[in-house]
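For reference, input-v3.txt (compact mmCIF, N, CA and C atoms):
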```
# COMPACT_ATOMS: atom_id res chain seq x y z
N GLN Y 1 29.38 54.43 130.90
CA GLN Y 1 29.13 54.40 132.34
C GLN Y 1 29.98 55.47 133.02
N VAL Y 2 29.30 56.36 133.72
CA VAL Y 2 29.99 57.44 134.41
C VAL Y 2 30.72 56.88 135.63
N GLN Y 3 31.98 57.24 135.72
CA GLN Y 3 32.75 56.86 136.90
C GLN Y 3 33.47 58.07 137.46
N LEU Y 4 33.39 58.23 138.76
CA LEU Y 4 34.07 59.31 139.46
C LEU Y 4 34.87 58.68 140.60
N VAL Y 5 36.16 58.93 140.60
CA VAL Y 5 37.02 58.32 141.61
C VAL Y 5 37.80 59.42 142.32
N GLU Y 6 37.51 59.57 143.61
CA GLU Y 6 38.19 60.58 144.41
C GLU Y 6 39.49 60.04 145.01
N SER Y 7 40.40 60.95 145.26
CA SER Y 7 41.65 60.61 145.95
C SER Y 7 42.17 61.85 146.65
N GLY Y 8 43.16 61.65 147.51
CA GLY Y 8 43.81 62.78 148.15
C GLY Y 8 43.40 63.03 149.59
N GLY Y 9 42.42 62.30 150.07
CA GLY Y 9 42.04 62.48 151.46
C GLY Y 9 43.11 61.99 152.40
N GLY Y 10 42.94 62.31 153.66
CA GLY Y 10 43.91 61.87 154.65
C GLY Y 10 43.68 62.56 155.97
N SER Y 11 44.69 62.47 156.82
CA SER Y 11 44.60 63.04 158.15
C SER Y 11 45.61 64.18 158.28
N VAL Y 12 45.13 65.34 158.71
CA VAL Y 12 46.00 66.50 158.88
C VAL Y 12 45.67 67.18 160.19
N GLN Y 13 46.58 68.02 160.64
CA GLN Y 13 46.30 68.84 161.80
C GLN Y 13 45.58 70.10 161.38
N ALA Y 14 44.87 70.69 162.32
CA ALA Y 14 44.18 71.95 162.05
C ALA Y 14 45.19 72.98 161.53
N GLY Y 15 44.75 73.70 160.50
CA GLY Y 15 45.63 74.67 159.87
C GLY Y 15 46.36 74.11 158.66
N GLY Y 16 46.31 72.81 158.49
CA GLY Y 16 46.99 72.17 157.38
C GLY Y 16 46.20 72.23 156.08
N SER Y 17 46.77 71.59 155.06
CA SER Y 17 46.17 71.62 153.73
C SER Y 17 46.09 70.22 153.14
N LEU Y 18 45.12 70.05 152.27
CA LEU Y 18 44.98 68.84 151.47
C LEU Y 18 44.47 69.23 150.11
N ARG Y 19 44.80 68.42 149.11
CA ARG Y 19 44.27 68.62 147.77
C ARG Y 19 43.57 67.34 147.34
N LEU Y 20 42.28 67.45 147.13
CA LEU Y 20 41.50 66.32 146.66
C LEU Y 20 41.44 66.34 145.14
N SER Y 21 41.41 65.16 144.56
CA SER Y 21 41.26 65.02 143.12
C SER Y 21 40.09 64.08 142.82
N CYS Y 22 39.50 64.27 141.67
CA CYS Y 22 38.41 63.40 141.22
C CYS Y 22 38.62 63.11 139.75
N ALA Y 23 38.91 61.86 139.44
CA ALA Y 23 39.12 61.44 138.05
C ALA Y 23 37.79 60.98 137.47
N ALA Y 24 37.41 61.57 136.36
CA ALA Y 24 36.12 61.26 135.75
C ALA Y 24 36.32 60.49 134.45
N SER Y 25 35.41 59.59 134.19
CA SER Y 25 35.46 58.82 132.94
C SER Y 25 34.06 58.36 132.56
N GLY Y 26 33.90 57.97 131.32
CA GLY Y 26 32.64 57.41 130.86
C GLY Y 26 31.65 58.42 130.31
N TYR Y 27 32.05 59.69 130.23
CA TYR Y 27 31.17 60.70 129.67
C TYR Y 27 32.01 61.89 129.23
N THR Y 28 31.35 62.85 128.60
CA THR Y 28 32.05 64.06 128.16
C THR Y 28 32.20 64.98 129.36
N TYR Y 29 33.34 64.87 130.01
CA TYR Y 29 33.58 65.57 131.27
C TYR Y 29 33.37 67.07 131.14
N SER Y 30 33.84 67.64 130.06
CA SER Y 30 33.83 69.09 129.93
C SER Y 30 32.43 69.67 129.78
N SER Y 31 31.43 68.84 129.56
CA SER Y 31 30.07 69.32 129.36
C SER Y 31 29.22 69.28 130.63
N ARG Y 32 29.83 68.88 131.74
CA ARG Y 32 29.07 68.72 132.97
C ARG Y 32 29.51 69.68 134.06
N CYS Y 33 28.54 70.22 134.76
CA CYS Y 33 28.80 70.93 136.01
C CYS Y 33 29.34 69.92 137.01
N MET Y 34 30.36 70.32 137.79
CA MET Y 34 30.96 69.43 138.76
C MET Y 34 30.93 70.05 140.15
N GLY Y 35 30.88 69.20 141.15
CA GLY Y 35 30.83 69.73 142.51
C GLY Y 35 31.50 68.83 143.53
N TRP Y 36 31.75 69.41 144.68
CA TRP Y 36 32.23 68.67 145.85
C TRP Y 36 31.21 68.81 146.96
N PHE Y 37 30.94 67.70 147.60
CA PHE Y 37 30.06 67.66 148.75
C PHE Y 37 30.77 66.93 149.88
N ARG Y 38 30.25 67.07 151.09
CA ARG Y 38 30.84 66.35 152.21
C ARG Y 38 29.75 65.91 153.16
N GLN Y 39 30.06 64.87 153.90
CA GLN Y 39 29.11 64.36 154.88
C GLN Y 39 29.86 63.85 156.09
N ALA Y 40 29.55 64.44 157.22
CA ALA Y 40 30.12 64.00 158.49
C ALA Y 40 29.17 63.01 159.15
N PRO Y 41 29.66 62.15 160.03
CA PRO Y 41 28.79 61.17 160.69
C PRO Y 41 27.62 61.83 161.38
N GLY Y 42 26.42 61.33 161.12
CA GLY Y 42 25.22 61.85 161.76
C GLY Y 42 24.69 63.14 161.18
N LYS Y 43 25.32 63.60 160.10
CA LYS Y 43 24.87 64.85 159.49
C LYS Y 43 24.45 64.62 158.04
N GLU Y 44 23.69 65.55 157.51
CA GLU Y 44 23.29 65.46 156.12
C GLU Y 44 24.45 65.84 155.20
N ARG Y 45 24.35 65.33 153.98
CA ARG Y 45 25.36 65.72 152.98
C ARG Y 45 25.19 67.20 152.66
N GLU Y 46 26.31 67.91 152.63
CA GLU Y 46 26.24 69.35 152.36
C GLU Y 46 27.17 69.73 151.22
N GLY Y 47 26.76 70.76 150.50
CA GLY Y 47 27.58 71.22 149.40
C GLY Y 47 28.78 71.99 149.87
N VAL Y 48 29.89 71.79 149.20
CA VAL Y 48 31.14 72.50 149.50
C VAL Y 48 31.42 73.52 148.41
N ALA Y 49 31.38 73.08 147.16
CA ALA Y 49 31.67 73.97 146.05
C ALA Y 49 31.21 73.34 144.75
N ARG Y 50 31.00 74.17 143.76
CA ARG Y 50 30.74 73.66 142.42
C ARG Y 50 31.41 74.55 141.40
N ILE Y 51 31.59 74.02 140.19
CA ILE Y 51 32.27 74.75 139.14
C ILE Y 51 31.57 74.47 137.81
N ASN Y 52 31.48 75.50 136.97
CA ASN Y 52 30.76 75.32 135.72
C ASN Y 52 31.65 74.61 134.70
N THR Y 53 31.07 74.34 133.54
CA THR Y 53 31.77 73.52 132.54
C THR Y 53 33.07 74.16 132.09
N GLY Y 54 33.08 75.48 131.96
CA GLY Y 54 34.29 76.16 131.49
C GLY Y 54 35.31 76.44 132.57
N GLY Y 55 34.91 76.25 133.81
CA GLY Y 55 35.84 76.47 134.91
C GLY Y 55 35.97 77.91 135.34
N ASP Y 56 35.13 78.79 134.81
CA ASP Y 56 35.28 80.21 135.13
C ASP Y 56 34.19 80.75 136.05
N SER Y 57 33.35 79.87 136.55
CA SER Y 57 32.32 80.29 137.49
C SER Y 57 32.23 79.26 138.60
N THR Y 58 32.34 79.74 139.84
CA THR Y 58 32.33 78.85 140.99
C THR Y 58 31.35 79.33 142.04
N VAL Y 59 30.92 78.41 142.85
CA VAL Y 59 30.05 78.70 143.99
C VAL Y 59 30.63 77.95 145.18
N TYR Y 60 30.69 78.62 146.33
CA TYR Y 60 31.23 78.00 147.54
C TYR Y 60 30.24 78.11 148.69
N ALA Y 61 30.29 77.13 149.55
CA ALA Y 61 29.56 77.25 150.81
C ALA Y 61 30.24 78.33 151.65
N ASP Y 62 29.46 79.07 152.42
CA ASP Y 62 30.02 80.13 153.24
C ASP Y 62 31.11 79.62 154.18
N SER Y 63 30.94 78.41 154.64
CA SER Y 63 31.87 77.85 155.62
C SER Y 63 33.27 77.60 155.06
N VAL Y 64 33.41 77.58 153.74
CA VAL Y 64 34.73 77.28 153.16
C VAL Y 64 35.28 78.42 152.31
N LYS Y 65 34.51 79.46 152.14
CA LYS Y 65 34.95 80.59 151.31
C LYS Y 65 36.27 81.16 151.83
N GLY Y 66 37.18 81.40 150.92
CA GLY Y 66 38.48 81.95 151.30
C GLY Y 66 39.48 80.90 151.74
N ARG Y 67 39.03 79.67 151.95
CA ARG Y 67 39.95 78.60 152.38
C ARG Y 67 40.04 77.48 151.34
N PHE Y 68 38.96 77.20 150.66
CA PHE Y 68 38.92 76.13 149.66
C PHE Y 68 38.85 76.72 148.26
N THR Y 69 39.44 76.00 147.31
CA THR Y 69 39.38 76.41 145.91
C THR Y 69 39.07 75.19 145.06
N ILE Y 70 38.00 75.31 144.28
CA ILE Y 70 37.63 74.25 143.35
C ILE Y 70 38.17 74.62 141.97
N SER Y 71 38.66 73.62 141.25
CA SER Y 71 39.16 73.86 139.90
C SER Y 71 38.98 72.59 139.09
N ARG Y 72 39.12 72.72 137.79
CA ARG Y 72 38.98 71.56 136.93
C ARG Y 72 39.96 71.65 135.77
N ASP Y 73 40.39 70.51 135.32
CA ASP Y 73 41.25 70.41 134.15
C ASP Y 73 40.50 69.56 133.14
N ASN Y 74 39.87 70.20 132.17
CA ASN Y 74 39.06 69.47 131.21
C ASN Y 74 39.90 68.59 130.28
N ALA Y 75 41.15 68.93 130.10
CA ALA Y 75 42.02 68.10 129.28
C ALA Y 75 42.37 66.79 129.98
N LYS Y 76 42.36 66.82 131.31
CA LYS Y 76 42.69 65.62 132.09
C LYS Y 76 41.47 64.97 132.71
N ASN Y 77 40.29 65.50 132.43
CA ASN Y 77 39.05 64.96 133.01
C ASN Y 77 39.15 64.85 134.54
N THR Y 78 39.68 65.88 135.15
CA THR Y 78 39.92 65.84 136.58
C THR Y 78 39.41 67.08 137.27
N LEU Y 79 38.81 66.86 138.42
CA LEU Y 79 38.30 67.92 139.28
C LEU Y 79 39.19 67.97 140.52
N TYR Y 80 39.40 69.18 141.04
CA TYR Y 80 40.25 69.34 142.22
C TYR Y 80 39.53 70.15 143.30
N LEU Y 81 39.99 69.94 144.53
CA LEU Y 81 39.57 70.79 145.63
C LEU Y 81 40.79 71.02 146.50
N GLN Y 82 41.30 72.24 146.45
CA GLN Y 82 42.41 72.63 147.31
C GLN Y 82 41.83 73.14 148.61
N MET Y 83 42.23 72.51 149.71
CA MET Y 83 41.69 72.87 151.01
C MET Y 83 42.83 73.36 151.89
N ASN Y 84 42.73 74.62 152.28
CA ASN Y 84 43.74 75.24 153.13
C ASN Y 84 43.12 75.63 154.46
N SER Y 85 43.97 75.88 155.44
CA SER Y 85 43.51 76.32 156.76
C SER Y 85 42.40 75.41 157.28
N LEU Y 86 42.63 74.14 157.20
CA LEU Y 86 41.60 73.17 157.59
C LEU Y 86 41.27 73.27 159.08
N LYS Y 87 40.00 73.06 159.36
CA LYS Y 87 39.49 73.12 160.73
C LYS Y 87 38.93 71.74 161.10
N PRO Y 88 38.85 71.44 162.38
CA PRO Y 88 38.26 70.15 162.78
C PRO Y 88 36.86 69.94 162.21
N GLU Y 89 36.10 71.03 162.06
CA GLU Y 89 34.74 70.90 161.53
C GLU Y 89 34.71 70.60 160.03
N ASP Y 90 35.85 70.63 159.37
CA ASP Y 90 35.91 70.23 157.96
C ASP Y 90 36.02 68.72 157.80
N ALA Y 91 36.25 68.01 158.89
CA ALA Y 91 36.39 66.56 158.81
C ALA Y 91 35.09 65.92 158.32
N ALA Y 92 35.21 65.08 157.30
CA ALA Y 92 34.04 64.46 156.70
C ALA Y 92 34.49 63.53 155.58
N MET Y 93 33.53 62.80 155.03
CA MET Y 93 33.76 62.10 153.78
C MET Y 93 33.45 63.09 152.68
N TYR Y 94 34.37 63.25 151.75
CA TYR Y 94 34.19 64.19 150.66
C TYR Y 94 33.86 63.44 149.37
N TYR Y 95 32.83 63.93 148.70
CA TYR Y 95 32.34 63.29 147.49
C TYR Y 95 32.44 64.23 146.29
N CYS Y 96 32.85 63.67 145.20
CA CYS Y 96 32.84 64.35 143.91
C CYS Y 96 31.50 64.04 143.25
N ALA Y 97 30.94 65.02 142.53
CA ALA Y 97 29.65 64.81 141.89
C ALA Y 97 29.62 65.47 140.52
N ALA Y 98 28.90 64.85 139.62
CA ALA Y 98 28.72 65.39 138.27
C ALA Y 98 27.24 65.59 138.00
N ALA Y 99 26.91 66.72 137.44
CA ALA Y 99 25.53 66.98 137.05
C ALA Y 99 25.24 66.31 135.71
N ALA Y 100 23.95 66.30 135.34
CA ALA Y 100 23.58 65.73 134.05
C ALA Y 100 23.93 66.67 132.91
N GLY Y 101 24.15 67.94 133.22
CA GLY Y 101 24.49 68.93 132.21
C GLY Y 101 25.21 70.10 132.84
N GLY Y 102 24.84 71.31 132.41
CA GLY Y 102 25.46 72.49 132.98
C GLY Y 102 24.96 72.81 134.37
N CYS Y 103 25.61 73.81 134.99
CA CYS Y 103 25.21 74.19 136.33
C CYS Y 103 23.87 74.93 136.31
N PRO Y 104 23.07 74.75 137.35
CA PRO Y 104 21.81 75.49 137.43
C PRO Y 104 22.06 76.97 137.66
N TRP Y 105 21.05 77.79 137.45
CA TRP Y 105 21.24 79.24 137.60
C TRP Y 105 21.30 79.66 139.06
N TRP Y 106 20.72 78.83 139.95
CA TRP Y 106 20.72 79.20 141.37
C TRP Y 106 22.06 78.86 141.99
N ASN Y 107 22.41 79.57 143.05
CA ASN Y 107 23.71 79.41 143.69
C ASN Y 107 23.69 78.48 144.88
N THR Y 108 22.57 77.88 145.16
CA THR Y 108 22.49 76.92 146.26
C THR Y 108 23.12 75.61 145.84
N LEU Y 109 23.94 75.03 146.72
CA LEU Y 109 24.60 73.76 146.43
C LEU Y 109 23.69 72.63 146.92
N ARG Y 110 22.99 72.00 145.99
CA ARG Y 110 22.02 70.98 146.35
C ARG Y 110 22.44 69.63 145.79
N PRO Y 111 22.49 68.60 146.62
CA PRO Y 111 22.82 67.27 146.09
C PRO Y 111 21.89 66.83 144.97
N ARG Y 112 20.63 67.22 145.01
CA ARG Y 112 19.67 66.77 144.01
C ARG Y 112 19.99 67.29 142.61
N ASP Y 113 20.85 68.31 142.52
CA ASP Y 113 21.22 68.85 141.21
C ASP Y 113 22.32 68.05 140.52
N PHE Y 114 22.81 67.02 141.21
CA PHE Y 114 23.90 66.22 140.68
C PHE Y 114 23.46 64.77 140.53
N ALA Y 115 23.77 64.20 139.37
CA ALA Y 115 23.25 62.88 139.02
C ALA Y 115 24.22 61.74 139.32
N TYR Y 116 25.49 62.05 139.36
CA TYR Y 116 26.49 60.99 139.50
C TYR Y 116 27.43 61.32 140.66
N TRP Y 117 27.82 60.27 141.38
CA TRP Y 117 28.60 60.46 142.59
C TRP Y 117 29.74 59.46 142.66
N GLY Y 118 30.84 59.92 143.25
CA GLY Y 118 31.95 59.02 143.53
C GLY Y 118 31.73 58.32 144.87
N GLN Y 119 32.69 57.51 145.25
CA GLN Y 119 32.59 56.73 146.49
C GLN Y 119 33.06 57.51 147.70
N GLY Y 120 33.76 58.59 147.48
CA GLY Y 120 34.19 59.42 148.59
C GLY Y 120 35.62 59.19 149.02
N THR Y 121 36.19 60.21 149.64
CA THR Y 121 37.52 60.13 150.24
C THR Y 121 37.45 60.80 151.60
N GLN Y 122 38.04 60.15 152.59
CA GLN Y 122 37.90 60.62 153.97
C GLN Y 122 38.92 61.70 154.30
N VAL Y 123 38.44 62.74 154.95
CA VAL Y 123 39.31 63.82 155.45
C VAL Y 123 39.15 63.89 156.96
N THR Y 124 40.25 63.80 157.66
CA THR Y 124 40.26 63.89 159.12
C THR Y 124 41.14 65.06 159.52
N VAL Y 125 40.63 65.90 160.42
CA VAL Y 125 41.38 67.07 160.87
C VAL Y 125 41.45 67.04 162.39
N SER Y 126 42.65 67.00 162.90
CA SER Y 126 42.82 66.95 164.35
C SER Y 126 43.18 68.34 164.88
N SER Y 127 42.70 68.59 166.08
CA SER Y 127 42.94 69.92 166.68
C SER Y 127 44.23 69.93 167.49
```

When written as structure tokens, how does the structure in this file appear?
Amino acid sequence: QVQLVESGGGSVQAGGSLRLSCAASGYTYSSRCMGWFRQAPGKEREGVARINTGGDSTVYADSVKGRFTISRDNAKNTLYLQMNSLKPEDAAMYYCAAAAGGCPWWNTLRPRDFAYWGQGTQVTVSS
């Protein structure tokens, strides 16, 4: 049974930083494309970043490029999202997601490309 458990969310002021973690279990973590998504109240879930199985290829949403960094530690079955220079518009529930296999060839971050989801961790950014 695939389990994804996010942690690290919280409340910060604009310009601050947070590091999200996602602990994965129940499957071969290193064989799956992983991603981060977020959803603010009243808005659709949107892709933030994804990383391939080897950790050497990443895709970011334009809105977070240069500020967020996705990484993975396959030895620890853990996914990370380092978020710097946070803005009020970054406030949302952040979800970790695992694909059924490797990352797709397209660079669009689509929720439908991911089969498993965590429960989310809340990020609040005050101005």

Using DSSP assignments from the backbone, pull out every residue in chain Y that falls under helix (DSSP H, G or I) and give it to me as number ranges by chain. Y: 29-31, 88-90, 111-113

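Among Y:Gln13, Y:Asn84, Y:Asn77, Y:Ser127, the residue with the shortest atom-to-atom distance to Ser30 in chain Y, counting all atoms listed in the file, is Y:Asn77.
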
Give me, please, the distance in Å between CA of Cys103 in chain Y and CA of Ser71 in chain Y, quoted to one decimal.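 Spanning CA of Cys103 in chain Y to CA of Ser71 in chain Y is a straight-line distance of 14.4 Å.
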
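Atom pair atom N of Ala92 in chain Y / atom C of Gln122 in chain Y has a distance of 5.8 Å (rounded to one decimal).
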
Run DSSP on the backbone and give me the residues of range 56-101 of chain Y it puts in strand (DSSP E or B), as a list in words.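 Matching residues for strand (DSSP E or B) in range 56-101 of chain Y are Thr58, Val59, Tyr60, Phe68, Thr69, Ile70, Ser71, Arg72, Asp73, Thr78, Leu79, Tyr80, Leu81, Gln82, Met83, Ala92, Met93, Tyr94, Tyr95, Cys96, Ala97 and Ala98 of chain Y.
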
Write out, as a short mmCIF file (atom, residue, chain, number, x, y, z; two decimals), in the coordinates of the input, the residues just selected, with N, CA and C atoms.
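Dumped to part20.cif:
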```
data_model
loop_
_atom_site.label_atom_id
_atom_site.label_comp_id
_atom_site.auth_asym_id
_atom_site.auth_seq_id
_atom_site.Cartn_x
_atom_site.Cartn_y
_atom_site.Cartn_z
N THR Y 58 32.34 79.74 139.84
CA THR Y 58 32.33 78.85 140.99
C THR Y 58 31.35 79.33 142.04
N VAL Y 59 30.92 78.41 142.85
CA VAL Y 59 30.05 78.70 143.99
C VAL Y 59 30.63 77.95 145.18
N TYR Y 60 30.69 78.62 146.33
CA TYR Y 60 31.23 78.00 147.54
C TYR Y 60 30.24 78.11 148.69
N PHE Y 68 38.96 77.20 150.66
CA PHE Y 68 38.92 76.13 149.66
C PHE Y 68 38.85 76.72 148.26
N THR Y 69 39.44 76.00 147.31
CA THR Y 69 39.38 76.41 145.91
C THR Y 69 39.07 75.19 145.06
N ILE Y 70 38.00 75.31 144.28
CA ILE Y 70 37.63 74.25 143.35
C ILE Y 70 38.17 74.62 141.97
N SER Y 71 38.66 73.62 141.25
CA SER Y 71 39.16 73.86 139.90
C SER Y 71 38.98 72.59 139.09
N ARG Y 72 39.12 72.72 137.79
CA ARG Y 72 38.98 71.56 136.93
C ARG Y 72 39.96 71.65 135.77
N ASP Y 73 40.39 70.51 135.32
CA ASP Y 73 41.25 70.41 134.15
C ASP Y 73 40.50 69.56 133.14
N THR Y 78 39.68 65.88 135.15
CA THR Y 78 39.92 65.84 136.58
C THR Y 78 39.41 67.08 137.27
N LEU Y 79 38.81 66.86 138.42
CA LEU Y 79 38.30 67.92 139.28
C LEU Y 79 39.19 67.97 140.52
N TYR Y 80 39.40 69.18 141.04
CA TYR Y 80 40.25 69.34 142.22
C TYR Y 80 39.53 70.15 143.30
N LEU Y 81 39.99 69.94 144.53
CA LEU Y 81 39.57 70.79 145.63
C LEU Y 81 40.79 71.02 146.50
N GLN Y 82 41.30 72.24 146.45
CA GLN Y 82 42.41 72.63 147.31
C GLN Y 82 41.83 73.14 148.61
N MET Y 83 42.23 72.51 149.71
CA MET Y 83 41.69 72.87 151.01
C MET Y 83 42.83 73.36 151.89
N ALA Y 92 35.21 65.08 157.30
CA ALA Y 92 34.04 64.46 156.70
C ALA Y 92 34.49 63.53 155.58
N MET Y 93 33.53 62.80 155.03
CA MET Y 93 33.76 62.10 153.78
C MET Y 93 33.45 63.09 152.68
N TYR Y 94 34.37 63.25 151.75
CA TYR Y 94 34.19 64.19 150.66
C TYR Y 94 33.86 63.44 149.37
N TYR Y 95 32.83 63.93 148.70
CA TYR Y 95 32.34 63.29 147.49
C TYR Y 95 32.44 64.23 146.29
N CYS Y 96 32.85 63.67 145.20
CA CYS Y 96 32.84 64.35 143.91
C CYS Y 96 31.50 64.04 143.25
N ALA Y 97 30.94 65.02 142.53
CA ALA Y 97 29.65 64.81 141.89
C ALA Y 97 29.62 65.47 140.52
N ALA Y 98 28.90 64.85 139.62
CA ALA Y 98 28.72 65.39 138.27
C ALA Y 98 27.24 65.59 138.00
#
```

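If you measure from each of Y:Cys33, Y:Ala24, Y:Ala40, Y:Val5 to Gly54 in chain Y using only C-alpha atoms, the closest one turns out to be Y:Cys33.
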
As a ChimeraX atom specification, please: the residues near Gln39 in chain Y (cut-off 6 Å, all atoms listed in the file, same-chain neighbours under 3 positions excluded). /Y:43-46,92-95

Neighbours of Ser17 in chain Y within 9 Å (only C-alpha atoms; same-chain residues fewer than 3 positions away dropped), as a VMD selection string? chain Y and resid 12 to 14 82 to 86

Could you turn the residues from that selection into a file that holds N, CA and C atoms, as a CSV table (one decimal), in the coordinates of the input?
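Now in out37.csv:
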```
chain,number,residue,atom,x,y,z
Y,12,VAL,N,45.1,65.3,158.7
Y,12,VAL,CA,46.0,66.5,158.9
Y,12,VAL,C,45.7,67.2,160.2
Y,13,GLN,N,46.6,68.0,160.6
Y,13,GLN,CA,46.3,68.8,161.8
Y,13,GLN,C,45.6,70.1,161.4
Y,14,ALA,N,44.9,70.7,162.3
Y,14,ALA,CA,44.2,72.0,162.0
Y,14,ALA,C,45.2,73.0,161.5
Y,82,GLN,N,41.3,72.2,146.4
Y,82,GLN,CA,42.4,72.6,147.3
Y,82,GLN,C,41.8,73.1,148.6
Y,83,MET,N,42.2,72.5,149.7
Y,83,MET,CA,41.7,72.9,151.0
Y,83,MET,C,42.8,73.4,151.9
Y,84,ASN,N,42.7,74.6,152.3
Y,84,ASN,CA,43.7,75.2,153.1
Y,84,ASN,C,43.1,75.6,154.5
Y,85,SER,N,44.0,75.9,155.4
Y,85,SER,CA,43.5,76.3,156.8
Y,85,SER,C,42.4,75.4,157.3
Y,86,LEU,N,42.6,74.1,157.2
Y,86,LEU,CA,41.6,73.2,157.6
Y,86,LEU,C,41.3,73.3,159.1
```

CA of Thr69 in chain Y and CA of Gly8 in chain Y, how far apart in Å?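 One can read the CA of Gly8 in chain Y to CA of Thr69 in chain Y distance as 14.5 Å.
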
Would you list the contacts of Gln3 in chain Y as an mmCIF file with N, CA and C atoms, in the frame of the given file, taking every protein, DNA or RNA residue within 7 Å and counting all atoms listed in the file, but skipping same-chain residues closer than 4 positions in sequence?
```
data_model
loop_
_atom_site.group_PDB
_atom_site.id
_atom_site.type_symbol
_atom_site.label_atom_id
_atom_site.label_comp_id
_atom_site.auth_asym_id
_atom_site.auth_seq_id
_atom_site.Cartn_x
_atom_site.Cartn_y
_atom_site.Cartn_z
ATOM 1 N N ALA Y 23 38.910 61.860 139.440
ATOM 2 C CA ALA Y 23 39.120 61.440 138.050
ATOM 3 C C ALA Y 23 37.790 60.980 137.470
ATOM 4 N N ALA Y 24 37.410 61.570 136.360
ATOM 5 C CA ALA Y 24 36.120 61.260 135.750
ATOM 6 C C ALA Y 24 36.320 60.490 134.450
ATOM 7 N N SER Y 25 35.410 59.590 134.190
ATOM 8 C CA SER Y 25 35.460 58.820 132.940
ATOM 9 C C SER Y 25 34.060 58.360 132.560
ATOM 10 N N GLY Y 26 33.900 57.970 131.320
ATOM 11 C CA GLY Y 26 32.640 57.410 130.860
ATOM 12 C C GLY Y 26 31.650 58.420 130.310
ATOM 13 N N TYR Y 27 32.050 59.690 130.230
ATOM 14 C CA TYR Y 27 31.170 60.700 129.670
ATOM 15 C C TYR Y 27 32.010 61.890 129.230
ATOM 16 N N TRP Y 117 27.820 60.270 141.380
ATOM 17 C CA TRP Y 117 28.600 60.460 142.590
ATOM 18 C C TRP Y 117 29.740 59.460 142.660
ATOM 19 N N GLY Y 118 30.840 59.920 143.250
ATOM 20 C CA GLY Y 118 31.950 59.020 143.530
ATOM 21 C C GLY Y 118 31.730 58.320 144.870
#
```
